[in-house]
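Enquirer: Would you mind keeping the following structure in view while I ask a few things?
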Amino acid sequence: MFSLKFGGTSMGNSEAISQTAQIIISHPEPNKVVTVSAMSGVTNLLISAANCATETNKICYKNYLQEIQDKHLTALKKLVNNTDLYRTGEEFITKKISGLSGFLHALTIIGEVSPRSNDEIVSLGEILSAKLLSLHLQDLGEKSDFINLENIVSKMFDKDHTEANKEFFECFAHKLEKLLTPLLEKNITPICTGFFGKIPGGIVATVGRGYSDFTAALIGKACNAKEIQIWTDVNGILSTDPRIVPEAHVIEELSFDEATELANLGAKVIHPQTIWPAVKNNILVRIKNTMSPLDAGTAITKEGKLSTHSFKSITIQKDITIITVRSTTMTESGVLGELFQEFANHKVSIDLVSTSESSISVTIQNENKNKNLQQLITQLEKKFIVNRENNNTIIAIIGNEMRENIGVAGRFLSALSDHKINVRMISQGANQSNISAVISQKDSKNAVQAVHKKFFRI
Ligand code: ASP
Ligand code: MG
């Protein structure tokens, strides 16, 4: 079987959903399980509605719900001709919206959103989009079933698991297999919600936004898929962000390791968690463009393939803070251990590290979201001199080609210095397939363009 995932833009409006349905119907693989994201923009609207209900002008959540309802009803009208199916859809959408309206009304009184409530709210996006697609397929005479994965999770986990760790996901995959196999045997295409929700800690808080990729990967693992296909709005994984370098090219094939590095270092095309379920069962992951289905896309495989370039891709991560800690005792034994323990105590995770005799600099992601950071700094200041610099970017080059090529680091740094871009920190990944440099955020665009031009001559 194949596990196919369609992202928000592939579900963005009736035309996109109809194109998605055509890809499913004409797919050469007979056995498919489909996973969908919410229609594009809907998850953000849901989060805004929740914020509205708890923080600001409480009533405005109703406007967001109206917008979501209209968006789905408009698409339903264009996608479903059969009167009974249309009525089913209309009733489903309006009931779900009014249910959420009641939930948000309760939140206006409670005044805060717990991770669980947040999940409950966000879940609606995928519930509505999956229902819409399955009704459209049924309207076209296809055998398809709407599957709300949230239901199996909530039945399974409350009593058995307290943490969303790998063991938890293995167990989830097992349940998925039991649920989906009988449908595939009957030639029914399940249309699953990318949201599988009520996991310990909440899906948005633990897996993060873009979780539907991970759902499709878990389904692929559960049903031992031949391929996991992530259908999106670009032609695959590119050599860099095409909004910065319009000439960025598609990478034909990369390894699981490279894809993991790329996703973790800021490439937005796939969720970082997508890869491990594929690695476990050695399943090929392919990124494809819904609007251009004949393009080969990017294949992610165990071994990958070396390109003719010095590396494969350039990524950037913005909103990086550098914390520099100085002490005359830095090199004494145990000092670094003590220092890192403080970071762990405050649950602040570190990305890059560079050290000298008397100081150590580390980078932290998402400076503004890291609520514990100021507390950590106050604690560290009791023993060390601490300096915090916001508004930095990590620019990274990634690719196994680097292991064999001489002088890549030098050329990378000279591309930056040629454009008078100051490098604050440098780090080479332990696997020798990535090099990262920390630069000022204002230089991000220039830096990416300069490096892309130097290495890819475009
Ligand atoms: N709709 C969710 C989000 O925007 C999940 C997904 O698209 O994968 O984060
Ligand atoms: Mg995504």
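Letters for chains follow the order of the structure tokens (A, B, ...), residue numbers begin at 1 for each chain, and ligand numbers begin at 1 in the order shown.
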Pull the closest atom pair for each residue of chain A that gets at most 12 Å from ligand 2, along with the distance in Å to one decimal, counting only C-alpha atoms and all ligand atoms, ordering rows by chain and then ascending residue number, as CSV.

Expert:
```
residue,atom,partner,partner_atom_place_in_ligand_line,distance
A:Lys5,CA,ligand 2,1 (Mg),9.7
A:Phe6,CA,ligand 2,1 (Mg),8.9
A:Gly7,CA,ligand 2,1 (Mg),5.8
A:Gly8,CA,ligand 2,1 (Mg),7.2
A:Thr9,CA,ligand 2,1 (Mg),9.2
A:Ser10,CA,ligand 2,1 (Mg),10.6
A:Met11,CA,ligand 2,1 (Mg),11.8
A:Thr35,CA,ligand 2,1 (Mg),11.9
A:Val36,CA,ligand 2,1 (Mg),10.2
A:Ser37,CA,ligand 2,1 (Mg),7.9
A:Ala38,CA,ligand 2,1 (Mg),10.2
A:Met39,CA,ligand 2,1 (Mg),11.5
A:Ser40,CA,ligand 2,1 (Mg),10.0
A:Gly41,CA,ligand 2,1 (Mg),11.8
A:Thr43,CA,ligand 2,1 (Mg),11.6
A:Gly194,CA,ligand 2,1 (Mg),10.5
A:Gly208,CA,ligand 2,1 (Mg),10.5
A:Arg209,CA,ligand 2,1 (Mg),7.7
A:Gly210,CA,ligand 2,1 (Mg),4.4
A:Tyr211,CA,ligand 2,1 (Mg),7.4
A:Ser212,CA,ligand 2,1 (Mg),7.1
A:Asp213,CA,ligand 2,1 (Mg),6.6
A:Phe214,CA,ligand 2,1 (Mg),9.6
A:Thr215,CA,ligand 2,1 (Mg),11.4
A:Ala216,CA,ligand 2,1 (Mg),11.4
A:Ile230,CA,ligand 2,1 (Mg),8.9
A:Trp231,CA,ligand 2,1 (Mg),9.4
A:Thr232,CA,ligand 2,1 (Mg),7.7
A:Asp233,CA,ligand 2,1 (Mg),9.8
A:Val234,CA,ligand 2,1 (Mg),11.2
A:Ala263,CA,ligand 2,1 (Mg),11.1
A:Ala267,CA,ligand 2,1 (Mg),10.6
A:Lys268,CA,ligand 2,1 (Mg),7.1
A:Val269,CA,ligand 2,1 (Mg),6.2
A:Ile270,CA,ligand 2,1 (Mg),5.9
A:His271,CA,ligand 2,1 (Mg),6.5
A:Pro272,CA,ligand 2,1 (Mg),10.3
A:Gln273,CA,ligand 2,1 (Mg),11.5
A:Thr274,CA,ligand 2,1 (Mg),10.5
A:Ile287,CA,ligand 2,1 (Mg),11.1
```

Enquirer: With C-alpha atoms retained, export the selected residues as a PDB file, in the first residue's frame.

Expert:
```pdb
ATOM      1  CA  LYS A   5      -0.648  12.865   2.664  1.00  0.00           C
ATOM      2  CA  PHE A   6      -2.129  16.046   1.239  1.00  0.00           C
ATOM      3  CA  GLY A   7      -1.171  19.356   2.849  1.00  0.00           C
ATOM      4  CA  GLY A   8      -3.221  22.497   3.476  1.00  0.00           C
ATOM      5  CA  THR A   9      -2.783  24.011   0.022  1.00  0.00           C
ATOM      6  CA  SER A  10      -3.755  20.694  -1.630  1.00  0.00           C
ATOM      7  CA  MET A  11      -6.993  21.058   0.378  1.00  0.00           C
ATOM      8  CA  THR A  35      -4.159  11.627   5.368  1.00  0.00           C
ATOM      9  CA  VAL A  36      -5.112  15.276   5.096  1.00  0.00           C
ATOM     10  CA  SER A  37      -4.241  18.606   6.693  1.00  0.00           C
ATOM     11  CA  ALA A  38      -6.849  21.241   7.370  1.00  0.00           C
ATOM     12  CA  MET A  39      -7.840  23.525   4.466  1.00  0.00           C
ATOM     13  CA  SER A  40      -5.060  26.121   4.280  1.00  0.00           C
ATOM     14  CA  GLY A  41      -5.414  28.870   6.851  1.00  0.00           C
ATOM     15  CA  THR A  43      -5.699  25.861  11.721  1.00  0.00           C
ATOM     16  CA  GLY A 194      -3.969  14.354  10.077  1.00  0.00           C
ATOM     17  CA  GLY A 208       4.127  20.706  16.807  1.00  0.00           C
ATOM     18  CA  ARG A 209       2.417  22.330  13.846  1.00  0.00           C
ATOM     19  CA  GLY A 210       2.501  20.391  10.601  1.00  0.00           C
ATOM     20  CA  TYR A 211       1.787  17.138  12.500  1.00  0.00           C
ATOM     21  CA  SER A 212      -0.113  15.551   9.563  1.00  0.00           C
ATOM     22  CA  ASP A 213       3.163  14.542   7.878  1.00  0.00           C
ATOM     23  CA  PHE A 214       3.978  12.532  10.972  1.00  0.00           C
ATOM     24  CA  THR A 215       0.516  10.927  10.935  1.00  0.00           C
ATOM     25  CA  ALA A 216       1.056   9.777   7.346  1.00  0.00           C
ATOM     26  CA  ILE A 230       3.810  13.897   0.952  1.00  0.00           C
ATOM     27  CA  TRP A 231       1.801  15.964  -1.547  1.00  0.00           C
ATOM     28  CA  THR A 232       2.432  19.682  -1.192  1.00  0.00           C
ATOM     29  CA  ASP A 233       2.670  22.913  -3.213  1.00  0.00           C
ATOM     30  CA  VAL A 234       6.314  22.754  -4.313  1.00  0.00           C
ATOM     31  CA  ALA A 263      13.971  19.296   8.514  1.00  0.00           C
ATOM     32  CA  ALA A 267      13.531  23.350   5.760  1.00  0.00           C
ATOM     33  CA  LYS A 268       9.764  23.635   6.051  1.00  0.00           C
ATOM     34  CA  VAL A 269       8.746  21.007   3.486  1.00  0.00           C
ATOM     35  CA  ILE A 270       8.415  18.097   5.891  1.00  0.00           C
ATOM     36  CA  HIS A 271       7.889  17.827   9.619  1.00  0.00           C
ATOM     37  CA  PRO A 272      11.092  16.610  11.325  1.00  0.00           C
ATOM     38  CA  GLN A 273       9.282  13.637  12.904  1.00  0.00           C
ATOM     39  CA  THR A 274       8.286  12.260   9.490  1.00  0.00           C
ATOM     40  CA  ILE A 287       7.648  14.743  -1.789  1.00  0.00           C
TER      41      ILE A 287
END
```

Enquirer: If we count only C-alpha atoms, what is near region 410-412 of chain A at a cut-off of 10 Å, once residues fewer than 5 positions away on the same chain are taken out, given as a VMD selection string?

Expert: chain A and resid 396 to 397 417 435 to 437 447 450 to 452 454 to 455

Enquirer: List the neighbours of region 328-339 of chain A out to 10 Å using only C-alpha atoms; skip same-chain residues closer than 2 positions along the sequence, and give me the result as a ChimeraX atom specification.

Expert: /A:325-326,341-344,355-360,380,383-385

Enquirer: Using only C-alpha atoms and all ligand atoms, find the one residue out of A:Leu137, A:Leu149, A:Leu104, A:Val207 that sits nearest to ligand 1.

Expert: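 Residue with the minimum atom-to-atom distance to ligand 1: A:Val207.
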
Enquirer: Measuring atom to atom with only C-alpha atoms and all ligand atoms, identify which of A:Val122, A:Ile364, A:Ile228, A:Ile68 is nearest to ligand 1.

Expert: A:Val122

Enquirer: Taking the chain letters and numbering used in this document, name the residues of region 47-264 of chain A that DSSP puts in alpha helix (DSSP H), as a VMD selection string.

Expert: chain A and resid 47 to 54 61 to 79 83 to 110 115 to 139 149 to 160 166 to 185 203 to 206 212 to 222 256 to 264

Enquirer: My list of candidates is A:Met425, A:Ala217, A:Ile395, A:Ile24. Which is closest to ligand 1 when distances are computed with only C-alpha atoms and all ligand atoms?

Expert: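 Of A:Met425, A:Ala217, A:Ile395, A:Ile24, the one nearest ligand 1, counting only C-alpha atoms and all ligand atoms, is A:Ala217.
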
Enquirer: As number ranges by chain, please: all residues of region 36-220 of chain A that backbone DSSP puts in strand (DSSP E).

Expert: A: 36, 144-147, 189-193

Enquirer: For those residues, write N, CA, C and O atoms to a file as a PDB file, in the first residue's frame.

Expert:
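Written out: selection32.pdb:
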```pdb
ATOM      1  N   VAL A  36      -5.044  13.880   5.544  1.00  0.00           N
ATOM      2  CA  VAL A  36      -5.112  15.276   5.096  1.00  0.00           C
ATOM      3  C   VAL A  36      -4.865  16.263   6.226  1.00  0.00           C
ATOM      4  O   VAL A  36      -5.148  15.999   7.387  1.00  0.00           O
ATOM      5  N   SER A 144     -14.750   5.245  -0.396  1.00  0.00           N
ATOM      6  CA  SER A 144     -13.842   5.875   0.567  1.00  0.00           C
ATOM      7  C   SER A 144     -14.567   6.081   1.891  1.00  0.00           C
ATOM      8  O   SER A 144     -15.798   6.132   1.931  1.00  0.00           O
ATOM      9  N   ASP A 145     -13.801   6.141   2.968  1.00  0.00           N
ATOM     10  CA  ASP A 145     -14.391   6.259   4.297  1.00  0.00           C
ATOM     11  C   ASP A 145     -13.683   7.351   5.082  1.00  0.00           C
ATOM     12  O   ASP A 145     -12.455   7.428   5.042  1.00  0.00           O
ATOM     13  N   PHE A 146     -14.448   8.164   5.783  1.00  0.00           N
ATOM     14  CA  PHE A 146     -13.872   9.191   6.649  1.00  0.00           C
ATOM     15  C   PHE A 146     -13.428   8.549   7.966  1.00  0.00           C
ATOM     16  O   PHE A 146     -14.213   7.846   8.607  1.00  0.00           O
ATOM     17  N   ILE A 147     -12.163   8.745   8.327  1.00  0.00           N
ATOM     18  CA  ILE A 147     -11.659   8.145   9.577  1.00  0.00           C
ATOM     19  C   ILE A 147     -11.138   9.244  10.491  1.00  0.00           C
ATOM     20  O   ILE A 147     -10.158   9.921  10.166  1.00  0.00           O
ATOM     21  N   THR A 189     -10.789   3.254   0.378  1.00  0.00           N
ATOM     22  CA  THR A 189      -9.678   4.163   0.661  1.00  0.00           C
ATOM     23  C   THR A 189     -10.011   4.981   1.907  1.00  0.00           C
ATOM     24  O   THR A 189     -10.924   5.820   1.864  1.00  0.00           O
ATOM     25  N   PRO A 190      -9.303   4.742   3.016  1.00  0.00           N
ATOM     26  CA  PRO A 190      -9.585   5.541   4.211  1.00  0.00           C
ATOM     27  C   PRO A 190      -9.063   6.969   4.037  1.00  0.00           C
ATOM     28  O   PRO A 190      -7.966   7.166   3.523  1.00  0.00           O
ATOM     29  N   ILE A 191      -9.863   7.948   4.423  1.00  0.00           N
ATOM     30  CA  ILE A 191      -9.433   9.353   4.401  1.00  0.00           C
ATOM     31  C   ILE A 191      -9.295   9.772   5.867  1.00  0.00           C
ATOM     32  O   ILE A 191     -10.294   9.988   6.567  1.00  0.00           O
ATOM     33  N   CYS A 192      -8.055   9.831   6.326  1.00  0.00           N
ATOM     34  CA  CYS A 192      -7.806  10.021   7.762  1.00  0.00           C
ATOM     35  C   CYS A 192      -7.511  11.474   8.110  1.00  0.00           C
ATOM     36  O   CYS A 192      -6.880  12.199   7.334  1.00  0.00           O
ATOM     37  N   THR A 193      -7.917  11.853   9.299  1.00  0.00           N
ATOM     38  CA  THR A 193      -7.582  13.189   9.803  1.00  0.00           C
ATOM     39  C   THR A 193      -6.091  13.212  10.159  1.00  0.00           C
ATOM     40  O   THR A 193      -5.605  12.325  10.864  1.00  0.00           O
TER      41      THR A 193
END
```

Enquirer: As a list of chain:residue names, please: the residues near Gln19 (chain A) (cut-off 8 Å, only C-alpha atoms, same-chain neighbours under 4 positions excluded).

Expert: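 Contacts, with the query itself left out: A:Ser10, A:Glu15, A:Ile23, A:Thr290, A:Met291.
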
Enquirer: When you count only C-alpha atoms, which of these residues is closest to Thr206 (chain A): A:Leu107, A:Asp119, A:Leu133, A:Thr378?

Expert: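 Closest to Thr206 (chain A) of all the choices is A:Asp119.
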
Enquirer: Using only C-alpha atoms and all ligand atoms for the distances, tell me which of A:Trp276, A:Tyr86, A:Phe195, A:Phe456 is nearest to ligand 1.

Expert: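 Checking each candidate against ligand 1, we get A:Phe195 as the closest.
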
Enquirer: If we count only C-alpha atoms and set the cut-off at 8 Å, which residues sit around Glu112 (chain A), ignoring sequence neighbours fewer than 4 positions away in its own chain? Please answer as a PDB file with N, CA and C atoms, in the first residue's frame.

Expert:
```pdb
ATOM      1  N   THR A  54     -10.328  33.604  24.906  1.00  0.00           N
ATOM      2  CA  THR A  54      -9.723  33.662  26.236  1.00  0.00           C
ATOM      3  C   THR A  54      -9.056  34.994  26.533  1.00  0.00           C
ATOM      4  N   GLU A  55      -8.626  35.695  25.490  1.00  0.00           N
ATOM      5  CA  GLU A  55      -7.793  36.855  25.796  1.00  0.00           C
ATOM      6  C   GLU A  55      -8.447  38.193  25.527  1.00  0.00           C
ATOM      7  N   LEU A 107     -14.861  28.384  27.240  1.00  0.00           N
ATOM      8  CA  LEU A 107     -13.512  28.919  27.472  1.00  0.00           C
ATOM      9  C   LEU A 107     -13.526  30.404  27.852  1.00  0.00           C
ATOM     10  N   THR A 108     -14.525  31.132  27.340  1.00  0.00           N
ATOM     11  CA  THR A 108     -14.584  32.564  27.698  1.00  0.00           C
ATOM     12  C   THR A 108     -14.774  32.697  29.207  1.00  0.00           C
TER      13      THR A 108
END
```

Enquirer: Calculate how many Å separate CA of Glu163 (chain A) from CA of Val204 (chain A), rounding to one decimal.

Expert: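 Between CA of Glu163 (chain A) and CA of Val204 (chain A) the gap is 14.2 Å.
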
Enquirer: For His346 (chain A), list every protein, DNA or RNA residue within 12 Å, evaluated using only C-alpha atoms, and leave out those in the same chain fewer than 6 positions away; present the list as a list in words.

Expert: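 That gives Leu339, Phe340, Asn370, Lys371, Asn372, Leu373, Gln374, Gln375, Leu376, Ile377, Thr378, Gln379 and Leu380 of chain A.
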
Enquirer: Restricting it to N, CA and C atoms, dump the selection as a PDB file, in the first residue's frame.

Expert:
```
ATOM      1  N   LEU A 339      26.863  24.025  34.202  1.00  0.00           N
ATOM      2  CA  LEU A 339      26.222  25.016  33.340  1.00  0.00           C
ATOM      3  C   LEU A 339      25.092  24.378  32.514  1.00  0.00           C
ATOM      4  N   PHE A 340      25.415  23.255  31.865  1.00  0.00           N
ATOM      5  CA  PHE A 340      24.405  22.598  31.026  1.00  0.00           C
ATOM      6  C   PHE A 340      23.245  22.060  31.865  1.00  0.00           C
ATOM      7  N   ASN A 370      10.387  31.194  24.311  1.00  0.00           N
ATOM      8  CA  ASN A 370      11.069  30.493  25.385  1.00  0.00           C
ATOM      9  C   ASN A 370      10.882  31.217  26.713  1.00  0.00           C
ATOM     10  N   LYS A 371       9.797  30.863  27.376  1.00  0.00           N
ATOM     11  CA  LYS A 371       9.417  31.622  28.579  1.00  0.00           C
ATOM     12  C   LYS A 371      10.430  31.449  29.712  1.00  0.00           C
ATOM     13  N   ASN A 372      11.118  30.306  29.737  1.00  0.00           N
ATOM     14  CA  ASN A 372      12.031  30.047  30.859  1.00  0.00           C
ATOM     15  C   ASN A 372      13.373  30.728  30.692  1.00  0.00           C
ATOM     16  N   LEU A 373      13.600  31.314  29.507  1.00  0.00           N
ATOM     17  CA  LEU A 373      14.939  31.808  29.212  1.00  0.00           C
ATOM     18  C   LEU A 373      15.394  32.892  30.194  1.00  0.00           C
ATOM     19  N   GLN A 374      14.521  33.845  30.496  1.00  0.00           N
ATOM     20  CA  GLN A 374      14.932  34.923  31.399  1.00  0.00           C
ATOM     21  C   GLN A 374      15.242  34.384  32.787  1.00  0.00           C
ATOM     22  N   GLN A 375      14.436  33.423  33.229  1.00  0.00           N
ATOM     23  CA  GLN A 375      14.696  32.815  34.557  1.00  0.00           C
ATOM     24  C   GLN A 375      16.045  32.117  34.565  1.00  0.00           C
ATOM     25  N   LEU A 376      16.341  31.424  33.457  1.00  0.00           N
ATOM     26  CA  LEU A 376      17.618  30.726  33.356  1.00  0.00           C
ATOM     27  C   LEU A 376      18.769  31.733  33.444  1.00  0.00           C
ATOM     28  N   ILE A 377      18.617  32.838  32.700  1.00  0.00           N
ATOM     29  CA  ILE A 377      19.693  33.836  32.682  1.00  0.00           C
ATOM     30  C   ILE A 377      19.906  34.404  34.091  1.00  0.00           C
ATOM     31  N   THR A 378      18.820  34.691  34.782  1.00  0.00           N
ATOM     32  CA  THR A 378      18.921  35.228  36.156  1.00  0.00           C
ATOM     33  C   THR A 378      19.685  34.239  37.043  1.00  0.00           C
ATOM     34  N   GLN A 379      19.368  32.966  36.857  1.00  0.00           N
ATOM     35  CA  GLN A 379      20.040  31.935  37.657  1.00  0.00           C
ATOM     36  C   GLN A 379      21.539  31.875  37.323  1.00  0.00           C
ATOM     37  N   LEU A 380      21.848  31.912  36.027  1.00  0.00           N
ATOM     38  CA  LEU A 380      23.253  31.826  35.604  1.00  0.00           C
ATOM     39  C   LEU A 380      24.046  33.040  36.075  1.00  0.00           C
TER      40      LEU A 380
END
```

Enquirer: Give me, as number ranges by chain, all polymer residues having an atom no more than 12 Å from Lys166 (chain A), counting only C-alpha atoms and skipping those fewer than 4 positions away in the same chain.

Expert: A: 161, 170-173, 207, 218, 273, 276-277, 280

Enquirer: Taking only C-alpha atoms into account, name the residue in A:His27, A:Gln432, A:Leu238, A:Asn82 that is nearest to Pro293 (chain A).

Expert: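 Of the candidates, the smallest distance to Pro293 (chain A) is held by A:His27.
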